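Shown next: protein30.txt, containing compact mmCIF, C-alpha atoms and all ligand atoms.
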# COMPACT_ATOMS: atom_id res chain seq x y z
CA MET A 732 88.63 38.42 160.11
CA ASN A 733 89.93 35.25 158.45
CA SER A 734 92.30 32.83 160.15
CA ALA A 735 95.35 34.08 158.21
CA ASP A 736 94.66 37.62 159.44
CA ILE A 737 94.18 36.39 163.00
CA THR A 738 97.54 34.59 162.81
CA THR A 739 99.19 37.75 161.42
CA VAL A 740 97.73 39.91 164.18
CA LYS A 741 98.72 37.41 166.88
CA SER A 742 102.25 37.35 165.54
CA ILE A 743 102.50 41.17 165.40
CA LEU A 744 101.13 41.54 168.93
CA SER A 745 103.40 38.81 170.33
CA GLN A 746 106.19 41.42 170.49
CA PRO A 747 105.94 44.73 172.39
CA GLN A 748 104.93 47.33 169.79
CA LYS A 749 104.59 51.11 169.65
CA ILE A 750 100.97 51.51 168.69
CA ALA A 751 98.89 54.48 167.54
CA ILE A 752 95.11 54.16 167.39
CA ILE A 753 93.27 56.61 165.13
CA PRO A 754 89.53 57.38 164.91
CA HIS A 755 87.97 59.42 162.08
CA ARG A 756 87.69 63.21 162.11
CA ASN A 757 84.83 64.53 164.26
CA PRO A 758 84.84 61.26 166.19
CA ASP A 759 81.54 59.97 167.53
CA GLY A 760 80.80 57.59 170.41
CA ASP A 761 81.66 54.51 168.37
CA ALA A 762 84.96 55.93 167.14
CA ILE A 763 86.10 57.10 170.58
CA GLY A 764 84.66 54.08 172.40
CA SER A 765 86.38 51.59 170.11
CA CYS A 766 89.72 53.43 170.29
CA LEU A 767 89.68 53.70 174.08
CA ALA A 768 88.64 50.07 174.56
CA LEU A 769 91.38 48.85 172.22
CA TYR A 770 93.81 51.19 174.01
CA GLY A 771 92.93 49.52 177.33
CA PHE A 772 93.38 46.05 175.86
CA LEU A 773 96.70 46.70 174.11
CA LYS A 774 98.16 48.43 177.18
CA LYS A 775 97.30 45.40 179.28
CA LYS A 776 99.19 43.29 176.75
CA GLY A 777 102.34 45.33 177.39
CA HIS A 778 102.41 47.60 174.32
CA THR A 779 103.13 51.33 174.28
CA VAL A 780 99.83 52.80 173.09
CA HIS A 781 98.42 56.23 172.20
CA VAL A 782 95.07 57.28 170.80
CA VAL A 783 95.41 60.24 168.42
CA ALA A 784 92.14 61.94 167.44
CA PRO A 785 92.22 64.15 164.32
CA ASN A 786 90.24 66.87 166.13
CA ASP A 787 88.02 67.58 169.10
CA TYR A 788 84.76 65.82 169.95
CA PRO A 789 81.66 66.58 172.03
CA LYS A 790 81.55 67.02 175.78
CA PHE A 791 79.02 64.21 176.16
CA LEU A 792 81.83 61.76 175.26
CA LYS A 793 84.52 63.21 177.48
CA TRP A 794 83.50 61.39 180.65
CA MET A 795 84.56 58.07 179.10
CA PRO A 796 87.26 56.02 180.88
CA GLU A 797 90.80 56.86 179.64
CA ASN A 798 89.48 59.90 177.74
CA ASP A 799 92.22 62.03 179.30
CA THR A 800 94.88 60.04 177.45
CA VAL A 801 93.62 61.04 173.97
CA ILE A 802 96.01 63.25 171.98
CA ASN A 803 94.29 65.87 169.81
CA PHE A 804 96.14 66.19 166.47
CA GLU A 805 94.95 69.78 165.94
CA ARG A 806 95.85 70.98 169.45
CA GLU A 807 98.93 68.85 170.16
CA ASN A 808 100.34 68.61 166.67
CA PRO A 809 104.07 67.94 167.35
CA LYS A 810 103.30 65.23 169.92
CA ALA A 811 100.68 63.63 167.66
CA LYS A 812 103.08 63.55 164.70
CA GLU A 813 105.83 62.05 166.85
CA VAL A 814 103.52 59.25 168.03
CA ILE A 815 102.47 58.44 164.44
CA ASN A 816 105.99 58.63 163.02
CA GLU A 817 107.40 56.40 165.75
CA ALA A 818 104.58 53.85 165.67
CA SER A 819 105.33 50.31 164.50
CA VAL A 820 101.61 49.52 164.26
CA ILE A 821 98.71 51.88 163.48
CA PHE A 822 95.14 50.81 164.07
CA THR A 823 92.56 52.86 162.15
CA LEU A 824 89.11 52.51 163.70
CA ASP A 825 85.63 53.30 162.44
CA PHE A 826 86.59 54.67 159.03
CA ASN A 827 87.20 53.19 155.60
CA ASP A 828 89.51 55.65 153.85
CA LEU A 829 92.45 57.78 154.96
CA SER A 830 90.70 60.90 153.65
CA ARG A 831 88.35 60.59 156.66
CA VAL A 832 91.04 61.91 159.03
CA GLY A 833 91.27 65.38 157.47
CA GLN A 834 94.65 67.05 157.92
CA MET A 835 96.16 63.93 159.45
CA GLU A 836 95.89 62.10 156.12
CA GLN A 837 99.34 63.02 154.80
CA VAL A 838 101.07 62.12 158.07
CA LEU A 839 99.41 58.69 158.01
CA LYS A 840 100.33 58.17 154.36
CA GLU A 841 103.98 58.84 155.18
CA ALA A 842 104.03 56.60 158.27
CA SER A 843 106.13 53.45 158.08
CA ALA A 844 103.94 51.42 160.48
CA ASP A 845 101.89 48.35 159.58
CA PHE A 846 98.21 49.34 159.40
CA ILE A 847 95.30 47.37 160.84
CA MET A 848 91.82 48.58 159.92
CA ILE A 849 88.74 47.69 161.98
CA ASP A 850 85.62 49.21 160.43
CA HIS A 851 82.01 48.66 159.39
CA HIS A 852 81.59 51.31 156.65
CA GLN A 853 80.92 50.38 153.05
CA GLN A 854 83.63 50.20 150.35
CA PRO A 855 86.81 50.06 152.46
CA SER A 856 90.00 51.32 150.82
CA ASP A 857 92.95 49.02 150.50
CA TYR A 858 95.66 50.61 152.65
CA ALA A 859 96.00 48.21 155.57
CA MET A 860 98.13 45.13 156.09
CA VAL A 861 95.13 43.60 157.86
CA THR A 862 91.62 44.77 156.98
CA TYR A 863 88.86 43.64 159.31
CA SER A 864 85.85 45.13 157.52
CA ASP A 865 82.28 43.97 158.04
CA VAL A 866 79.45 46.22 156.90
CA THR A 867 76.84 44.05 158.61
CA MET A 868 78.21 44.97 162.04
CA SER A 869 76.29 47.33 164.30
CA SER A 870 79.39 49.26 165.24
CA THR A 871 83.16 49.25 165.32
CA CYS A 872 82.87 48.65 169.08
CA GLU A 873 81.13 45.33 168.42
CA MET A 874 83.98 44.52 166.04
CA VAL A 875 86.63 45.40 168.64
CA TYR A 876 84.87 42.98 170.99
CA ASN A 877 85.05 40.34 168.21
CA PHE A 878 88.68 41.23 167.53
CA ILE A 879 89.56 40.57 171.18
CA ASP A 880 87.47 37.38 170.98
CA PHE A 881 89.39 36.23 167.85
CA LEU A 882 92.56 36.57 169.91
CA GLY A 883 90.94 34.46 172.65
CA GLU A 884 91.26 37.27 175.20
CA THR A 885 87.76 38.43 176.20
CA ASP A 886 88.67 37.63 179.80
CA GLN A 887 90.93 40.72 179.58
CA ILE A 888 87.91 43.04 179.14
CA ASP A 889 87.58 45.02 182.36
CA ALA A 890 84.86 47.47 183.48
CA ASP A 891 86.49 50.48 181.76
CA MET A 892 86.88 48.68 178.44
CA ALA A 893 83.32 47.33 178.75
CA THR A 894 82.03 50.87 179.41
CA ASN A 895 83.77 52.22 176.32
CA LEU A 896 82.52 49.39 174.12
CA TYR A 897 78.97 49.67 175.46
CA THR A 898 78.93 53.43 174.79
CA GLY A 899 79.98 52.97 171.17
CA ILE A 900 77.49 50.20 170.47
CA MET A 901 74.70 52.18 172.14
CA THR A 902 75.38 55.41 170.22
CA ASP A 903 75.92 53.74 166.82
CA THR A 904 72.75 51.65 167.04
CA GLY A 905 70.49 54.53 168.13
CA SER A 906 70.18 52.79 171.51
CA PHE A 907 69.87 49.33 169.94
CA LYS A 908 67.11 50.13 167.44
CA TYR A 909 68.82 50.30 164.03
CA ARG A 910 68.63 47.44 161.54
CA SER A 911 72.25 46.43 162.15
CA THR A 912 71.43 45.57 165.78
CA SER A 913 71.50 41.77 165.85
CA SER A 914 70.90 39.16 168.50
CA LYS A 915 74.70 38.86 168.59
CA THR A 916 74.92 42.60 169.34
CA HIS A 917 72.63 42.06 172.31
CA ARG A 918 74.69 39.09 173.48
CA VAL A 919 77.85 41.22 173.33
CA VAL A 920 76.10 44.04 175.20
CA ALA A 921 74.88 41.60 177.87
CA GLU A 922 78.44 40.37 178.26
CA LEU A 923 79.68 43.96 178.63
CA ILE A 924 77.14 44.65 181.38
CA ASP A 925 78.35 41.50 183.15
CA LYS A 926 81.90 42.83 182.85
CA GLY A 927 80.97 46.08 184.58
CA ALA A 928 79.40 48.47 182.05
CA ASP A 929 76.77 50.42 184.03
CA ASN A 930 74.15 50.76 181.29
CA MET A 931 71.90 53.23 183.09
CA ALA A 932 74.78 55.54 184.05
CA ILE A 933 76.11 55.44 180.47
CA HIS A 934 72.73 56.42 179.01
CA GLN A 935 72.52 59.32 181.46
CA GLU A 936 76.06 60.55 180.70
CA VAL A 937 75.37 60.58 176.96
CA PHE A 938 71.73 61.64 176.71
CA ASP A 939 70.81 63.49 179.90
CA THR A 940 73.50 66.15 179.97
CA ASN A 941 71.86 68.71 177.63
CA SER A 942 72.44 72.42 178.06
CA PRO A 943 69.39 74.74 177.83
CA SER A 944 70.89 76.35 174.71
CA ARG A 945 71.08 72.98 172.97
CA LEU A 946 67.39 72.39 173.54
CA HIS A 947 66.62 75.89 172.25
CA LEU A 948 68.70 75.14 169.15
CA LEU A 949 66.67 71.95 168.69
CA GLY A 950 63.56 74.14 168.76
CA VAL A 951 64.99 76.25 165.93
CA ALA A 952 65.97 73.14 163.96
CA LEU A 953 62.48 71.67 164.26
CA SER A 954 60.80 74.89 163.23
CA ASN A 955 63.13 75.08 160.19
CA MET A 956 62.17 71.57 159.08
CA VAL A 957 60.84 71.27 155.52
CA ILE A 958 58.60 68.27 154.84
CA LEU A 959 58.21 67.00 151.27
CA PRO A 960 55.59 64.23 151.44
CA GLU A 961 55.75 63.42 147.71
CA TYR A 962 59.42 62.52 148.16
CA ARG A 963 58.87 61.02 151.65
CA THR A 964 61.65 63.38 152.71
CA ALA A 965 62.19 65.88 155.51
CA TYR A 966 65.17 68.17 155.89
CA ILE A 967 66.43 70.68 158.43
CA THR A 968 68.75 73.64 157.89
CA LEU A 969 70.84 75.44 160.50
CA THR A 970 72.85 78.49 159.52
CA GLN A 971 75.97 79.67 161.29
CA ASP A 972 74.04 82.70 162.59
CA GLU A 973 71.48 80.39 164.19
CA LEU A 974 74.23 78.26 165.73
CA ASP A 975 75.96 81.38 167.09
CA GLN A 976 72.72 82.71 168.53
CA TYR A 977 72.35 79.56 170.65
CA ASP A 978 75.99 79.33 171.74
CA PHE A 979 76.64 76.24 169.61
CA LYS A 980 79.16 73.72 171.00
CA LYS A 981 80.51 70.69 169.15
CA GLY A 982 77.99 67.85 169.38
CA ASP A 983 74.99 70.08 170.07
CA THR A 984 73.29 69.05 166.80
CA GLU A 985 73.89 65.33 167.35
CA GLY A 986 70.68 63.39 166.72
CA PHE A 987 68.69 66.32 165.29
CA VAL A 988 68.56 64.66 161.86
CA ASN A 989 66.64 61.69 163.27
CA TYR A 990 63.55 63.77 164.07
CA GLY A 991 62.61 63.81 160.38
CA LEU A 992 62.31 60.03 160.38
CA THR A 993 59.85 60.10 163.28
CA LEU A 994 57.25 61.61 160.91
CA GLU A 995 54.80 59.07 159.59
CA GLY A 996 55.61 58.14 155.99
CA ILE A 997 59.03 59.85 155.91
CA ILE A 998 61.91 57.55 154.94
CA PHE A 999 64.65 60.08 154.04
CA ALA A 1000 65.85 62.76 156.45
CA LEU A 1001 68.71 65.23 156.22
CA ILE A 1002 70.22 68.09 158.15
CA PHE A 1003 72.30 70.81 156.48
CA ILE A 1004 74.55 72.67 158.91
CA GLU A 1005 76.58 75.68 157.90
CA ASN A 1006 80.21 75.76 159.07
CA ARG A 1007 81.52 79.19 158.13
CA GLU A 1008 85.03 78.51 159.43
CA GLU A 1009 85.46 75.51 157.11
CA GLY A 1010 83.46 77.17 154.33
CA ILE A 1011 81.17 74.16 153.99
CA ILE A 1012 77.67 72.93 154.60
CA LYS A 1013 77.98 69.67 156.54
CA ILE A 1014 75.23 67.24 155.65
CA SER A 1015 73.93 64.28 157.66
CA LEU A 1016 71.63 61.85 155.91
CA ARG A 1017 69.44 59.10 157.35
CA SER A 1018 66.94 56.67 155.85
CA ILE A 1019 64.62 53.85 156.76
CA GLY A 1020 64.55 50.71 154.63
CA ASP A 1021 66.42 50.13 151.39
CA PHE A 1022 66.98 53.71 150.22
CA SER A 1023 70.77 54.05 150.38
CA VAL A 1024 71.93 57.37 151.77
CA ASN A 1025 75.50 56.08 151.36
CA GLU A 1026 74.98 56.03 147.57
CA PHE A 1027 73.16 59.38 147.64
CA ALA A 1028 75.93 61.06 149.65
CA ARG A 1029 78.66 59.53 147.49
CA ALA A 1030 76.97 60.49 144.24
CA HIS A 1031 76.11 64.10 145.10
CA PHE A 1032 77.77 65.37 148.26
CA ASN A 1033 81.31 63.99 148.36
CA GLY A 1034 80.47 61.71 151.27
CA GLY A 1035 79.48 58.20 152.25
CA GLY A 1036 78.77 55.98 155.23
CA HIS A 1037 76.18 53.24 155.57
CA THR A 1038 72.92 52.38 153.81
CA ASN A 1039 70.81 54.12 156.46
CA ALA A 1040 73.26 56.71 157.88
CA ALA A 1041 75.75 58.76 155.93
CA GLY A 1042 77.42 62.13 155.82
CA GLY A 1043 78.64 64.51 153.17
CA ARG A 1044 79.43 68.14 152.43
CA SER A 1045 78.76 70.96 150.04
CA GLU A 1046 81.11 73.81 149.27
CA THR A 1047 78.44 76.23 148.05
CA SER A 1048 76.19 78.49 150.12
CA MET A 1049 73.22 77.15 152.08
CA ASP A 1050 70.74 78.55 149.53
CA GLU A 1051 72.61 77.05 146.58
CA THR A 1052 73.03 73.73 148.39
CA ILE A 1053 69.34 73.49 149.17
CA SER A 1054 68.38 74.47 145.64
CA ARG A 1055 70.74 71.82 144.20
CA PHE A 1056 69.42 69.25 146.68
CA ASN A 1057 65.83 69.95 145.60
CA ASP A 1058 66.82 69.47 141.95
CA ILE A 1059 68.59 66.19 142.73
CA LEU A 1060 65.65 64.97 144.79
CA LYS A 1061 63.35 65.21 141.76
CA THR A 1062 65.40 62.48 140.08
CA TYR A 1063 64.87 60.17 143.08
CA LYS A 1064 61.07 60.29 143.19
CA ASP A 1065 60.68 56.67 142.04
CA LYS A 1066 63.37 55.30 144.34
CA LEU A 1067 61.74 57.05 147.28
CA ASN A 1068 58.31 55.67 146.33
CA PRO A 1069 59.11 52.08 145.34
P1 LIG B 1 77.01 61.68 160.70
O1 LIG B 1 75.86 62.11 159.86
O2 LIG B 1 76.56 61.22 162.05
O3 LIG B 1 78.14 62.64 160.71
O4 LIG B 1 77.61 60.38 159.99
C1 LIG B 1 76.82 59.26 159.67
C2 LIG B 1 77.71 58.16 159.14
O5 LIG B 1 78.31 58.59 157.91
C3 LIG B 1 78.86 57.82 160.07
O6 LIG B 1 79.07 56.44 160.00
C4 LIG B 1 80.02 58.59 159.51
O7 LIG B 1 81.22 57.93 159.79
C5 LIG B 1 79.72 58.62 158.01
N1 LIG B 1 80.16 59.91 157.42
C6 LIG B 1 79.89 61.15 157.90
N2 LIG B 1 80.44 62.09 157.11
C7 LIG B 1 81.07 61.44 156.11
C8 LIG B 1 81.83 61.87 154.99
O8 LIG B 1 82.03 63.08 154.73
N3 LIG B 1 82.34 60.89 154.17
C9 LIG B 1 82.12 59.56 154.42
N4 LIG B 1 82.64 58.66 153.58
N5 LIG B 1 81.41 59.12 155.47
C10 LIG B 1 80.88 60.04 156.32
Kindly transcribe the structure held in the file into structure tokens.
Amino acid sequence: MNSADITTVKSILSQPQKIAIIPHRNPDGDAIGSCLALYGFLKKKGHTVHVVAPNDYPKFLKWMPENDTVINFERENPKAKEVINEASVIFTLDFNDLSRVGQMEQVLKEASADFIMIDHHQQPSDYAMVTYSDVTMSSTCEMVYNFIDFLGETDQIDADMATNLYTGIMTDTGSFKYRSTSSKTHRVVAELIDKGADNMAIHQEVFDTNSPSRLHLLGVALSNMVILPEYRTAYITLTQDELDQYDFKKGDTEGFVNYGLTLEGIIFALIFIENREEGIIKISLRSIGDFSVNEFARAHFNGGGHTNAAGGRSETSMDETISRFNDILKTYKDKLNP
């Protein structure tokens, strides 16, 4: 954030504001963690603050401090709309385009509030009064820490805020192993532990709360995996019938896509998950190195994200999607074997 933006933000926040904080649809640990941490900070500063999530999120994030205050736009629609319509300031966190909030998009477009974007995804849209965008950042949670630092207020970070920020940084960096994890990330994380984030308890809450059915679903996913060594690619499919058979709950497939990348020589991994209710195949894409899954998802599957982690969707059947994917892959043989 440049000094003019910092001055603008300081001036806006010098008066009590009505603030709405919005994560992207299907929020993950970084989206929820950054929203809840910012919520804690802005409340301490005397503002009226609400977090409005476009839809529900997994159980393994619902233990987080202040989680009970989150308004679900799908479930509590009138209240959510009222908060957005009455807001004087809207923070949008962990997404780069208003289309990422699904049905909430129109309500945000009609809102009269000043927008502040904090995000680390590529190609941010130009809708905010202040855009704090940095694609080199590990996570939006690291950016919220920086944001509070820019305001000279890190002494306001308490144990709950530290816990929320730690959770988001941990989940978005694959437990501190992705390329975007810098020495600065580790310094921020160390600071958060000093401020009261219980790192071992957080890891357990997020990773050691599996249900037996989730592990059985993982077994199905792994046995469905197709490995294409000549394209250094591995992909997994999960149909709605398979999800139903294993009592699928939101978040149960989190992390499955990464298994492809644990294979020696594989640099491109995907998971295709059927969602019959939405009539789509949701696609998660991951890579190692310079192969940009952001560009791949944008070019072919109406998606985007980061160089090494992106998402997208297909509106045709699983079989057609896979067949189209295989055709597309043929045109990437050289890029996948540089
Ligand atoms: P995931 O595969 O975990 O859903 O998402 C990986 C990354 O890509 C995340 O940073 C997420 O925000 C982004 N992403 C996921 N789905 C989409 C999408 O449909 N469009 C865009 N632009 N980004 C996405």
Open item on the list: Could you list, as a ChimeraX atom specification, every residue within 12 Å of Asp759 (chain A), counting only C-alpha atoms and ignoring same-chain residues fewer than 5 positions away?
Closed with: /A:754,764-766,784-793,824-826,870-872,895,898-903,937,981-982,985-986
TODO: Check the smallest atom-to-atom distance from each of A:Met931, A:Ile1053, A:Val740, A:Ala1028 to ligand LIG 1 (chain B) using all atoms listed in the file, then report the winner.
DONE: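 Going through A:Met931, A:Ile1053, A:Val740, A:Ala1028 one by one, the smallest distance to ligand LIG 1 (chain B) is for A:Ala1028.
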Open item on the list: Calculated over all atoms listed in the file, which of the candidates A:His917, A:His1031, A:His947, A:Arg1044 has the smallest distance to Ile1059 (chain A)?
Closed with: A:His1031
- [ ] Go through the chains and note each residue within 9 Å of ligand LIG 1 (chain B), using all atoms listed in the file, then give the set as JSON, numbers by chain.
- [x] {"A": [755, 756, 757, 758, 759, 761, 762, 825, 826, 827, 828, 830, 831, 851, 852, 853, 870, 903, 985, 986, 988, 1001, 1002, 1013, 1014, 1015, 1016, 1017, 1024, 1025, 1028, 1029, 1032, 1033, 1034, 1035, 1036, 1037, 1039, 1040, 1041, 1042, 1043, 1044]}
Residues near Asn930 (chain A), cut-off 12 Å, only C-alpha atoms, skip fewer than 4 positions along chain, as a tab-separated table (two decimals) with C-alpha atoms, in the frame of the given file:
chain	number	residue	atom	x	y	z
A	890	ALA	CA	84.86	47.47	183.48
A	893	ALA	CA	83.32	47.33	178.75
A	894	THR	CA	82.03	50.87	179.41
A	895	ASN	CA	83.77	52.22	176.32
A	896	LEU	CA	82.52	49.39	174.12
A	897	TYR	CA	78.97	49.67	175.46
A	898	THR	CA	78.93	53.43	174.79
A	899	GLY	CA	79.98	52.97	171.17
A	900	ILE	CA	77.49	50.20	170.47
A	901	MET	CA	74.70	52.18	172.14
A	906	SER	CA	70.18	52.79	171.51
A	920	VAL	CA	76.10	44.04	175.20
A	921	ALA	CA	74.88	41.60	177.87
A	922	GLU	CA	78.44	40.37	178.26
A	923	LEU	CA	79.68	43.96	178.63
A	924	ILE	CA	77.14	44.65	181.38
A	925	ASP	CA	78.35	41.50	183.15
A	926	LYS	CA	81.90	42.83	182.85
A	934	HIS	CA	72.73	56.42	179.01
A	935	GLN	CA	72.52	59.32	181.46
A	936	GLU	CA	76.06	60.55	180.70
A	937	VAL	CA	75.37	60.58	176.96
Open item on the list: So, with all atoms listed in the file as the atoms that count, which of A:Met732, A:Val814, A:Ala932, A:Val951 lies closest to Ile849 (chain A)?
Closed with: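 Ranked by minimum distance to Ile849 (chain A), first place goes to A:Met732.
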